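File shown here: query.txt, holding compact mmCIF, C-alpha atoms.
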```txt
# COMPACT_ATOMS: atom_id res chain seq x y z
CA MET S 1 110.35 84.18 58.28
CA LEU S 2 111.59 85.13 61.68
CA ASN S 3 114.87 86.97 61.69
CA VAL S 4 116.89 85.97 64.74
CA ARG S 5 119.22 88.93 64.36
CA THR S 6 116.35 91.40 64.78
CA ILE S 7 114.30 89.42 67.29
CA LEU S 8 117.10 88.74 69.75
CA PRO S 9 118.05 92.39 70.37
CA LYS S 10 114.37 93.28 70.74
CA ALA S 11 113.82 90.47 73.22
CA PHE S 12 116.92 91.58 75.11
CA VAL S 13 115.72 95.18 75.27
CA ALA S 14 112.23 94.05 76.38
CA GLY S 15 113.72 91.81 79.07
CA ALA S 16 116.02 94.56 80.26
CA PHE S 17 113.08 96.97 80.43
CA VAL S 18 111.05 94.58 82.60
CA LEU S 19 114.06 94.01 84.86
CA LEU S 20 114.75 97.73 85.20
CA ALA S 21 111.09 98.49 85.88
CA GLY S 22 111.08 95.89 88.66
CA MET S 23 114.28 97.31 90.14
CA ALA S 24 112.93 100.85 90.02
CA SER S 25 109.76 99.72 91.77
CA ALA S 26 111.75 97.88 94.46
CA GLN S 27 113.86 100.97 95.00
CA CYS S 28 110.70 103.06 95.24
CA ARG S 29 109.36 100.80 98.00
CA SER S 30 112.68 100.86 99.79
CA PHE S 31 112.75 104.66 99.57
CA ALA S 32 109.18 104.94 100.90
CA LYS S 33 109.88 102.49 103.70
CA ASN S 34 113.06 104.17 104.90
CA LYS S 35 112.35 107.83 104.26
CA CYS S 36 108.58 108.24 104.37
CA VAL S 37 106.99 105.70 106.74
CA PRO S 38 108.97 106.94 109.80
CA GLU S 39 107.49 110.42 109.25
CA LEU S 40 103.99 109.04 109.75
CA ALA S 41 104.67 108.61 113.48
CA PRO S 42 102.84 108.78 115.86
CA TYR S 43 100.24 107.53 113.38
CA LYS S 44 100.32 103.83 112.51
CA PHE S 45 101.04 103.05 108.86
CA ASN S 46 98.05 101.32 107.24
CA GLU S 47 100.31 99.02 105.18
CA SER S 48 99.01 100.02 101.77
CA PHE S 49 101.85 100.69 99.36
CA ASN S 50 100.64 103.27 96.87
CA ALA S 51 103.63 104.44 94.90
CA ALA S 52 104.52 105.07 91.30
CA GLN S 53 107.40 106.29 89.21
CA LEU S 54 106.15 109.56 87.80
CA ALA S 55 107.58 112.03 85.29
CA PRO S 56 106.75 115.74 84.99
CA GLY S 57 103.20 116.18 83.70
CA GLU S 58 102.04 112.82 85.02
CA GLU S 59 99.31 112.24 87.58
CA ALA S 60 98.36 109.59 90.14
CA GLU S 61 95.22 109.10 92.17
CA VAL S 62 94.64 107.13 95.38
CA LYS S 63 91.09 106.28 96.45
CA LEU S 64 90.62 105.74 100.16
CA THR S 65 87.95 105.46 102.83
CA LEU S 66 88.26 107.34 106.11
CA TYR S 67 86.23 105.84 108.97
CA SER S 68 84.19 107.86 111.42
CA GLY S 69 85.89 108.74 114.69
CA GLN S 70 89.33 107.89 113.33
CA GLU S 71 92.29 110.26 113.08
CA TYR S 72 94.52 110.09 110.02
CA ARG S 73 97.70 111.48 108.52
CA VAL S 74 97.86 111.64 104.72
CA MET S 75 101.41 111.91 103.43
CA VAL S 76 102.84 112.47 99.97
CA CYS S 77 106.51 111.63 99.79
CA THR S 78 108.62 112.39 96.75
CA HIS S 79 112.16 111.46 95.81
CA PRO S 80 114.32 114.63 95.59
CA ILE S 81 115.30 113.92 91.98
CA LEU S 82 111.74 114.72 90.95
CA GLY S 83 111.47 117.91 93.01
CA GLU S 84 108.28 119.01 94.73
CA VAL S 85 104.89 117.93 93.45
CA ASN S 86 101.33 119.28 93.69
CA TRP S 87 98.74 117.27 95.57
CA LYS S 88 95.25 117.64 96.92
CA LEU S 89 92.80 115.72 99.07
CA VAL S 90 89.25 115.86 97.72
CA ASP S 91 85.95 114.54 99.05
CA GLN S 92 83.25 112.54 97.25
CA ASN S 93 81.88 115.76 95.73
CA ASN S 94 85.33 116.69 94.39
CA GLN S 95 85.53 119.52 96.91
CA ILE S 96 89.11 120.26 97.90
CA VAL S 97 89.72 119.56 101.59
CA PHE S 98 93.44 120.26 101.42
CA GLU S 99 95.86 121.31 98.71
CA SER S 100 99.63 121.60 98.59
CA LEU S 101 101.36 123.23 95.64
CA ALA S 102 104.96 122.69 94.61
CA ASP S 103 106.02 126.28 95.30
CA ASN S 104 104.83 126.06 98.92
CA PRO S 105 104.89 122.35 99.64
CA LYS S 106 103.47 120.52 102.64
CA HIS S 107 104.16 116.83 102.81
CA SER S 108 101.44 115.73 105.18
CA PHE S 109 97.98 116.65 106.38
CA ASP S 110 96.33 115.51 109.61
CA LEU S 111 92.58 115.12 109.80
CA LYS S 112 89.75 113.43 111.65
CA ALA S 113 86.65 111.90 110.09
CA ALA S 114 83.32 112.81 111.71
CA SER S 115 81.49 110.36 109.44
CA THR S 116 82.80 107.62 107.19
CA VAL S 117 83.78 109.27 103.93
CA PRO S 118 85.29 108.13 100.65
CA MET S 119 88.09 110.47 99.61
CA LYS S 120 90.74 110.78 96.96
CA VAL S 121 94.35 111.97 96.93
CA VAL S 122 95.39 113.41 93.56
CA VAL S 123 99.09 113.99 92.86
CA TRP S 124 100.41 115.70 89.78
CA VAL S 125 103.99 116.50 88.87
CA PRO S 126 104.56 120.03 87.53
CA THR S 127 105.86 120.23 83.97
CA ARG S 128 109.30 121.69 83.31
CA PRO S 129 109.11 123.55 80.02
CA THR S 130 112.70 124.74 80.02
CA SER S 131 114.27 121.33 80.24
CA GLU S 132 114.34 118.79 77.44
CA LEU S 133 115.69 116.08 79.68
CA VAL S 134 113.38 115.21 82.54
CA HIS S 135 113.66 112.65 85.31
CA VAL S 136 111.29 110.01 86.55
CA GLY S 137 111.05 109.69 90.32
CA CYS S 138 109.21 107.85 93.05
CA VAL S 139 106.05 109.37 94.52
CA ALA S 140 104.43 107.55 97.45
CA VAL S 141 101.06 108.32 99.00
CA LEU S 142 100.82 106.92 102.52
CA LEU S 143 98.05 106.82 105.09
CA GLY S 144 98.56 106.60 108.83
CA PHE S 145 95.86 106.12 111.43
CA LYS S 146 95.61 106.38 115.20
CA GLU S 147 94.61 103.13 116.87
CA MET I 1 93.80 65.12 119.06
CA ILE I 2 96.21 67.99 119.31
CA ASP I 3 94.67 71.39 118.81
CA MET I 4 97.31 73.43 117.03
CA ARG I 5 95.70 76.66 118.14
CA THR I 6 96.46 75.85 121.76
CA SER I 7 99.56 73.71 121.39
CA LYS I 8 101.89 76.44 120.30
CA TRP I 9 105.53 75.73 120.89
CA PRO I 10 106.20 72.86 118.47
CA LEU I 11 104.96 74.93 115.57
CA PHE I 12 106.82 77.98 116.72
CA ILE I 13 110.11 76.13 117.06
CA ALA I 14 109.63 74.55 113.66
CA ALA I 15 108.87 77.91 112.13
CA ALA I 16 111.89 79.47 113.81
CA ALA I 17 114.13 76.75 112.44
CA PHE I 18 112.59 77.20 109.03
CA LEU I 19 113.16 80.92 109.16
CA ALA I 20 116.83 80.51 109.89
CA ALA I 21 117.37 79.24 106.36
CA CYS I 22 116.01 82.36 104.70
CA GLY I 23 117.34 85.80 104.05
CA GLY I 24 117.45 88.70 101.69
CA GLU I 25 117.10 92.39 102.29
CA PRO I 26 115.41 94.97 100.11
CA PRO I 27 117.78 97.21 98.17
CA PRO I 28 119.22 99.96 100.35
CA GLN I 29 117.35 103.21 99.90
CA ASP I 30 120.53 105.14 99.31
CA SER I 31 121.07 103.24 96.09
CA LEU I 32 117.87 104.58 94.57
CA ASN I 33 118.52 105.20 90.92
CA VAL I 34 116.11 106.85 88.62
CA GLU I 35 115.60 106.00 85.02
CA ASN I 36 117.86 107.87 82.67
CA GLY I 37 116.59 111.21 81.53
CA LEU I 38 113.71 111.05 79.08
CA ASP I 39 113.59 112.95 75.85
CA SER I 40 110.42 114.86 75.03
CA ALA I 41 109.13 112.17 72.64
CA THR I 42 109.39 109.45 75.29
CA LEU I 43 107.77 111.74 77.81
CA ALA I 44 104.86 112.43 75.45
CA GLU I 45 104.42 108.67 74.99
CA ARG I 46 104.35 108.12 78.77
CA MET I 47 101.76 110.83 79.19
CA GLN I 48 99.48 109.10 76.70
CA LYS I 49 99.21 106.22 79.12
CA THR I 50 96.38 105.89 81.58
CA LYS I 51 96.69 107.80 84.81
CA ASN I 52 97.95 105.75 87.78
CA ILE I 53 95.00 104.84 89.99
CA PHE I 54 95.43 103.07 93.34
CA TYR I 55 92.83 101.67 95.70
CA ASN I 56 93.68 101.92 99.37
CA ILE I 57 91.96 98.81 100.72
CA PRO I 58 91.90 98.78 104.54
CA SER I 59 94.65 96.45 105.72
CA PRO I 60 93.83 93.55 108.06
CA MET I 61 95.49 95.52 110.86
CA GLU I 62 93.33 98.59 110.26
CA THR I 63 90.18 96.47 110.14
CA ALA I 64 91.09 94.65 113.37
CA ALA I 65 91.75 97.99 115.09
CA LEU I 66 88.34 99.27 113.95
CA LEU I 67 86.68 96.12 115.31
CA LYS I 68 88.38 96.56 118.65
CA LYS I 69 87.26 100.19 118.86
CA ALA I 70 83.72 99.07 118.04
CA GLY I 71 83.72 96.89 121.14
CA ALA I 72 84.27 93.53 119.45
CA GLU I 73 85.66 90.68 121.52
CA TYR I 74 88.34 88.14 120.64
CA ASN I 75 87.22 84.68 119.62
CA SER I 76 89.97 82.29 118.53
CA LYS I 77 87.48 79.59 117.51
CA ILE I 78 86.38 81.46 114.40
CA LEU I 79 89.90 81.73 112.93
CA ASN I 80 91.33 79.45 110.27
CA ASP I 81 92.92 76.40 111.86
CA VAL I 82 96.70 76.40 111.50
CA LYS I 83 96.52 72.71 110.59
CA ASN I 84 94.97 73.71 107.28
CA VAL I 85 98.17 75.37 106.07
CA ASP I 86 99.54 72.23 104.42
CA LYS I 87 96.36 71.75 102.39
CA TYR I 88 97.09 74.73 100.21
CA THR I 89 99.13 73.47 97.29
CA ALA I 90 97.91 75.66 94.42
CA ALA I 91 99.43 79.14 94.25
CA SER I 92 95.97 80.74 94.17
CA ALA I 93 94.92 78.91 97.37
CA GLN I 94 98.23 79.85 98.98
CA ALA I 95 97.71 83.52 98.07
CA LEU I 96 94.13 83.65 99.31
CA ASN I 97 95.06 81.95 102.56
CA LEU I 98 98.12 84.10 103.03
CA GLY I 99 95.58 86.92 103.21
CA VAL I 100 93.31 84.88 105.51
CA TYR I 101 96.12 83.99 107.94
CA GLY I 102 97.41 87.57 107.72
CA ALA I 103 94.01 88.83 108.87
CA ASP I 104 93.90 86.24 111.65
CA LEU I 105 97.39 87.30 112.68
CA SER I 106 96.35 90.96 112.82
CA TYR I 107 93.18 90.12 114.79
CA ALA I 108 95.13 88.06 117.35
CA SER I 109 97.84 90.71 117.64
CA VAL I 110 95.56 93.73 117.97
CA PHE I 111 93.68 91.88 120.74
CA ASN I 112 97.02 91.07 122.35
CA HIS I 113 96.93 87.28 121.95
CA THR I 114 100.62 87.13 121.34
CA GLN I 115 101.22 83.38 121.36
CA GLU I 116 98.51 82.81 118.78
CA SER I 117 100.07 85.61 116.75
CA MET I 118 103.21 83.53 116.56
CA PHE I 119 101.30 80.58 115.11
CA TYR I 120 99.63 82.67 112.47
CA THR I 121 102.98 84.23 111.66
CA SER I 122 104.44 80.81 111.03
CA CYS I 123 101.48 79.89 108.78
CA SER I 124 101.87 83.12 106.83
CA ARG I 125 105.58 82.52 106.60
CA LYS I 126 105.05 79.02 105.21
CA LEU I 127 102.66 80.23 102.54
CA ALA I 128 104.80 83.21 101.62
CA ASP I 129 107.75 80.90 101.23
CA ARG I 130 105.80 78.52 99.00
CA LEU I 131 104.80 81.49 96.88
CA GLY I 132 108.48 82.35 96.51
CA VAL I 133 108.32 85.52 98.57
CA MET I 134 111.61 84.70 100.23
CA SER I 135 112.78 88.21 101.01
CA ALA I 136 109.54 89.41 102.61
CA PHE I 137 110.15 87.50 105.82
CA ASN I 138 113.79 88.20 106.48
CA ASP I 139 115.96 86.02 108.69
CA SER I 140 115.22 87.81 111.89
CA THR I 141 111.45 88.42 111.61
CA LEU I 142 110.32 85.58 113.83
CA GLU I 143 113.21 86.04 116.27
CA LEU I 144 112.38 89.73 116.45
CA MET I 145 108.73 88.93 117.08
CA GLN I 146 109.70 86.56 119.86
CA ALA I 147 111.91 89.23 121.41
CA LYS I 148 109.05 91.76 121.22
CA MET I 149 106.30 89.42 122.39
CA ASN I 150 105.55 91.65 125.34
CA ASP I 151 105.73 94.88 123.40
CA ARG I 152 102.44 94.97 121.53
CA ASP I 153 103.16 98.15 119.53
CA ALA I 154 106.52 96.85 118.33
CA LEU I 155 104.90 93.55 117.41
CA LEU I 156 102.20 95.31 115.38
CA ASP I 157 104.89 97.32 113.57
CA ILE I 158 106.78 94.15 112.62
CA ILE I 159 103.59 92.52 111.32
CA SER I 160 102.68 95.63 109.33
CA GLU I 161 106.09 95.80 107.77
CA THR I 162 106.01 92.12 106.85
CA TYR I 163 102.60 92.44 105.18
CA TRP I 164 103.86 95.46 103.28
CA ASN I 165 107.00 93.62 102.18
CA VAL I 166 105.02 90.66 100.86
CA ASP I 167 102.57 92.84 98.95
CA GLY I 168 105.36 95.02 97.57
CA TYR I 169 107.48 92.03 96.56
CA LEU I 170 104.59 90.45 94.64
CA LYS I 171 103.76 93.67 92.81
CA GLU I 172 107.37 94.38 91.96
CA ASN I 173 107.76 90.96 90.43
CA GLY I 174 104.75 91.24 88.15
CA ARG I 175 102.60 88.97 90.31
CA ASP I 176 99.81 91.45 90.79
CA ASN I 177 97.19 88.71 90.52
CA ILE I 178 98.75 86.91 93.50
CA SER I 179 98.87 90.19 95.42
CA ALA I 180 95.21 90.82 94.55
CA LEU I 181 94.23 87.35 95.80
CA MET I 182 96.10 87.95 99.05
CA ILE I 183 94.39 91.32 99.57
CA ALA I 184 90.99 89.79 98.75
CA GLY I 185 91.56 86.85 101.12
CA GLY I 186 92.52 89.25 103.91
CA TRP I 187 89.55 91.50 103.32
CA VAL I 188 87.06 88.61 103.23
CA GLU I 189 88.53 87.17 106.44
CA GLY I 190 88.21 90.60 108.10
CA LEU I 191 84.52 90.76 107.15
CA TYR I 192 84.07 87.15 108.23
CA ILE I 193 85.54 87.89 111.66
CA ALA I 194 83.38 91.01 112.06
CA THR I 195 80.16 89.24 111.06
CA GLN I 196 80.90 86.18 113.20
CA VAL I 197 81.73 88.33 116.22
CA SER I 198 78.46 90.20 115.68
CA SER I 199 76.50 86.98 116.19
CA THR I 200 77.67 86.77 119.80
CA ASN I 201 78.73 90.34 120.53
CA ASP I 202 76.28 92.48 118.53
CA SER I 203 76.33 96.26 118.90
CA PRO I 204 75.24 99.27 116.79
CA GLU I 205 78.91 100.27 116.43
CA LEU I 206 79.89 96.87 115.08
CA ARG I 207 76.93 96.85 112.67
CA GLN I 208 77.97 100.30 111.50
CA ARG I 209 81.51 99.08 110.72
CA ILE I 210 80.15 96.07 108.84
CA ALA I 211 77.78 98.31 106.84
CA GLU I 212 80.62 100.69 106.02
CA GLN I 213 82.55 97.89 104.35
CA LYS I 214 80.37 98.70 101.35
CA PHE I 215 82.90 101.43 100.49
CA SER I 216 85.95 99.18 100.65
CA LEU I 217 84.06 96.34 98.92
CA ASP I 218 83.51 98.61 95.93
CA ASP I 219 87.18 99.64 95.97
CA LEU I 220 88.30 96.02 96.26
CA ALA I 221 86.06 95.01 93.35
CA ALA I 222 87.49 97.88 91.29
CA LEU I 223 91.03 96.80 92.21
CA ILE I 224 90.40 93.17 91.24
CA ASN I 225 88.68 94.20 88.02
CA SER I 226 91.64 96.40 87.10
CA TYR I 227 93.83 93.32 86.56
CA ASP I 228 93.69 92.36 82.95
CA VAL I 229 95.06 88.86 83.41
CA LYS I 230 93.60 85.47 82.64
CA ASP I 231 93.25 83.88 86.04
CA THR I 232 90.30 81.62 86.80
CA ARG I 233 90.71 82.01 90.58
CA LEU I 234 90.67 85.78 90.24
CA ASP I 235 87.54 85.47 88.10
CA GLY I 236 86.00 83.41 90.92
CA VAL I 237 86.85 86.10 93.45
CA LYS I 238 85.26 88.70 91.17
CA GLU I 239 82.04 86.67 91.23
CA ASP I 240 82.25 86.32 95.03
CA LEU I 241 82.58 90.08 95.42
CA LYS I 242 79.70 90.65 93.00
CA GLY I 243 77.55 88.41 95.22
CA LEU I 244 78.45 90.49 98.25
CA GLN I 245 77.86 93.73 96.36
CA ALA I 246 74.35 92.52 95.54
CA LEU I 247 73.65 92.05 99.25
CA TYR I 248 75.18 95.42 100.10
CA ALA I 249 73.16 97.20 97.41
CA ASP I 250 70.27 97.87 99.77
CA VAL I 251 72.39 98.61 102.82
CA GLN I 252 71.92 102.07 104.27
CA GLN I 253 75.56 103.15 104.10
CA GLY I 254 74.85 106.51 105.67
CA ALA I 255 75.31 109.88 104.13
CA PRO I 256 78.95 110.93 104.11
CA GLY I 257 79.03 114.45 105.47
CA SER I 258 80.61 117.25 103.49
CA GLY I 259 81.16 119.70 106.34
CA THR I 260 84.69 120.69 107.35
CA SER I 261 85.61 122.23 110.70
CA GLN I 262 88.54 122.60 113.09
CA GLU I 263 88.92 120.75 116.39
CA ASN I 264 92.00 121.48 118.52
CA GLY I 265 93.95 122.45 115.42
CA VAL I 266 92.95 119.32 113.49
CA THR I 267 90.70 119.47 110.45
CA VAL I 268 87.51 117.44 110.85
CA VAL I 269 85.90 116.21 107.63
CA GLY I 270 82.57 114.51 107.01
CA GLY I 271 80.63 116.69 109.43
CA GLY I 272 76.85 116.38 109.28
CA GLY I 273 76.94 112.85 107.92
CA ALA I 274 74.67 110.01 109.00
CA ALA I 275 75.98 106.69 110.30
CA ALA I 276 75.56 103.53 108.27
CA SER I 277 73.28 100.82 109.61
CA LEU I 278 72.24 97.21 108.97
CA SER I 279 68.91 95.49 109.57
CA ASP I 280 68.86 92.03 111.17
CA ALA I 281 67.99 90.43 107.84
CA GLN I 282 70.81 92.25 106.02
CA LEU I 283 73.33 91.30 108.69
CA THR I 284 72.29 87.64 108.54
CA ALA I 285 72.47 87.58 104.73
CA ILE I 286 75.92 89.20 104.66
CA ARG I 287 77.15 86.93 107.47
CA ASP I 288 75.98 83.77 105.67
CA LYS I 289 77.33 84.82 102.27
CA THR I 290 80.69 85.86 103.73
CA ALA I 291 80.99 82.57 105.61
CA ALA I 292 80.24 80.62 102.43
CA ILE I 293 82.89 82.54 100.46
CA ARG I 294 85.46 82.33 103.22
CA ASN I 295 84.90 78.62 103.75
CA SER I 296 85.38 78.02 100.03
CA TYR I 297 88.79 79.72 100.36
CA ILE I 298 90.03 77.83 103.40
CA ASN I 299 88.76 74.34 102.48
```
Once more with this new file: its structure as structure tokens, please.
Amino acid sequence: MLNVRTILPKAFVAGAFVLLAGMASAQCRSFAKNKCVPELAPYKFNESFNAAQLAPGEEAEVKLTLYSGQEYRVMVCTHPILGEVNWKLVDQNNQIVFESLADNPKHSFDLKAASTVPMKVVVWVPTRPTSELVHVGCVAVLLGFKE
Amino acid sequence: MIDMRTSKWPLFIAAAAFLAACGGEPPPQDSLNVENGLDSATLAERMQKTKNIFYNIPSPMETAALLKKAGAEYNSKILNDVKNVDKYTAASAQALNLGVYGADLSYASVFNHTQESMFYTSCSRKLADRLGVMSAFNDSTLELMQAKMNDRDALLDIISETYWNVDGYLKENGRDNISALMIAGGWVEGLYIATQVSSTNDSPELRQRIAEQKFSLDDLAALINSYDVKDTRLDGVKEDLKGLQALYADVQQGAPGSGTSQENGVTVVGGGGAAASLSDAQLTAIRDKTAAIRNSYIN
């Protein structure tokens, strides 16, 4: 038989989790929009919102296509609470075209495509072995192009 | 009969009046709060989860800009008629056509057909509103567009931001399937415009751009397939994309180059690659299939 006293708190916690996740995502978008998109200038933002709440040790990957003759700016923007992250841009053969490590971070990379190429941005958050309490923070990967 | 594509002001005024009733701003960025600290057990559980994978599908604006660079011309006759907007009553049809009108809006705006941009904005606004995306078009969007009608770059920025807001709002509210339908509708309309323009304004550059859509088609299919939701419309879109993938299977997509060099301080990637191309038969087959899919979305 269903026990209301145990189900209700669980439902409440589940509902609260969904609500909080939605709020965190909205805040992530707001952060990216206000703090990151302006830094793409003079490149035009391509409107794709690729962002996630990541914790130390976690990884995200963005697959993209760069078109021949076009100039691009790839940007990885991280909320300060998370600290610097590692990221790299790799080609279809998994060859690293550009890499930025947390101890010497670069937040954007400008490039031009001679031919149309599928590429991938891989972001990973360094682990923090000395801390038991870690924070989750917004990481956005943005692409700008020149018209 | 009144042609709504040329008779612009009544719709614009109606849309402006409609807009005045809406509002809502995204949360201020300064209020960004992170989740509470995680203990090591919770962290380990998070890390067990699948890695976050995103697919950067070219936006309607990016596609329209590529078409313009490839020498395409503007043809308003191929766009979805604004009169159709009231036909879309199901949420799935609204989402698909929000993408379609969004692509038409980007095409009109990139080619500097500002007044038509306003009509497609009002169509997009109507559909977004019916989908409950109230905050994506804030109170001043249309007024701002009107004020910037003669400033093409500013207008493009407003459109980009609006598209981004709609997509973000849908994803944040667990309506990823609606977002996926909107993205698919926009992508199909972009390919439809390109293939239709190629029938009157054919060029090797345009064919190359159409052939290269093989890359984004595969990414779009992967994106749509990543949604584990029961949605018959989404299943239909999956089948549509499969049909296109079958036609693209034999397309010479070119060999992406792997050479990297420097040009005026900028890194150049993809050196030594070959350009994609399309035969007449392939172009005709893709054009016909795309038109059939697109017409099933707008009718």
Problem - Best match for closeness to chain I among S:Leu133, S:Ile96, S:Val76, S:Leu101, counting only C-alpha atoms - result: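 Of all the options, S:Leu133 lies closest to chain I.
The nearest approach to chain S among the residues I:Asp250, I:Asp228, I:Glu62, I:Asp151, with all atoms listed in the file taken into account, belongs to I:Glu62.
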Exercise for the section: Return as number ranges by chain the residues belonging to chain S that are within 6 Å of chain I, counting only C-alpha atoms. Expected result: S: 22, 25, 27, 30-31, 47, 59-64, 111-117, 133-135
Convert the current residue selection to file output with C-alpha atoms, as a short mmCIF file (atom, residue, chain, number, x, y, z; two decimals), in the coordinates of the input.
```cif
data_model
loop_
_atom_site.label_atom_id
_atom_site.label_comp_id
_atom_site.auth_asym_id
_atom_site.auth_seq_id
_atom_site.Cartn_x
_atom_site.Cartn_y
_atom_site.Cartn_z
CA GLY S 22 111.08 95.89 88.66
CA SER S 25 109.76 99.72 91.77
CA GLN S 27 113.86 100.97 95.00
CA SER S 30 112.68 100.86 99.79
CA PHE S 31 112.75 104.66 99.57
CA GLU S 47 100.31 99.02 105.18
CA GLU S 59 99.31 112.24 87.58
CA ALA S 60 98.36 109.59 90.14
CA GLU S 61 95.22 109.10 92.17
CA VAL S 62 94.64 107.13 95.38
CA LYS S 63 91.09 106.28 96.45
CA LEU S 64 90.62 105.74 100.16
CA LEU S 111 92.58 115.12 109.80
CA LYS S 112 89.75 113.43 111.65
CA ALA S 113 86.65 111.90 110.09
CA ALA S 114 83.32 112.81 111.71
CA SER S 115 81.49 110.36 109.44
CA THR S 116 82.80 107.62 107.19
CA VAL S 117 83.78 109.27 103.93
CA LEU S 133 115.69 116.08 79.68
CA VAL S 134 113.38 115.21 82.54
CA HIS S 135 113.66 112.65 85.31
#
```
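Atom CA of Met118 of chain I to atom CA of Gln70 of chain S spans 28.2 Å [interatomic distance, one decimal].
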Handout entry: Between atom CA of Asn93 of chain S and atom CA of Asn264 of chain I - distance in Å to one decimal
Key =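 Those two atoms sit 25.6 Å apart.
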Handout entry: Best match for closeness to Glu147 of chain S among I:Phe111, I:Leu105, I:Leu278, I:Arg207, counting all atoms listed in the file
Key = I:Phe111
Using only C-alpha atoms, give me every residue within 10 Å of (101.9, 121.7, 100.4) in file coordinates, as an mmCIF file with C-alpha atoms, in the frame of the given file.
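Done, and the output landed in point_38.cif:
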```cif
data_model
loop_
_atom_site.group_PDB
_atom_site.id
_atom_site.type_symbol
_atom_site.label_atom_id
_atom_site.label_comp_id
_atom_site.auth_asym_id
_atom_site.auth_seq_id
_atom_site.Cartn_x
_atom_site.Cartn_y
_atom_site.Cartn_z
ATOM 1 C CA VAL S 76 102.840 112.470 99.970
ATOM 2 C CA GLU S 84 108.280 119.010 94.730
ATOM 3 C CA VAL S 85 104.890 117.930 93.450
ATOM 4 C CA ASN S 86 101.330 119.280 93.690
ATOM 5 C CA TRP S 87 98.740 117.270 95.570
ATOM 6 C CA LYS S 88 95.250 117.640 96.920
ATOM 7 C CA PHE S 98 93.440 120.260 101.420
ATOM 8 C CA GLU S 99 95.860 121.310 98.710
ATOM 9 C CA SER S 100 99.630 121.600 98.590
ATOM 10 C CA LEU S 101 101.360 123.230 95.640
ATOM 11 C CA ALA S 102 104.960 122.690 94.610
ATOM 12 C CA ASP S 103 106.020 126.280 95.300
ATOM 13 C CA ASN S 104 104.830 126.060 98.920
ATOM 14 C CA PRO S 105 104.890 122.350 99.640
ATOM 15 C CA LYS S 106 103.470 120.520 102.640
ATOM 16 C CA HIS S 107 104.160 116.830 102.810
ATOM 17 C CA SER S 108 101.440 115.730 105.180
ATOM 18 C CA PHE S 109 97.980 116.650 106.380
#
```
Handout entry: Proximity to Gly83 of chain S - best of S:Phe49, S:Tyr67, S:Trp124, S:Tyr43, all atoms listed in the file
Key =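 Closest candidate: S:Trp124.
Going from atom CA of Glu239 of chain I to atom CA of Ile286 of chain I covers 15.0 Å.
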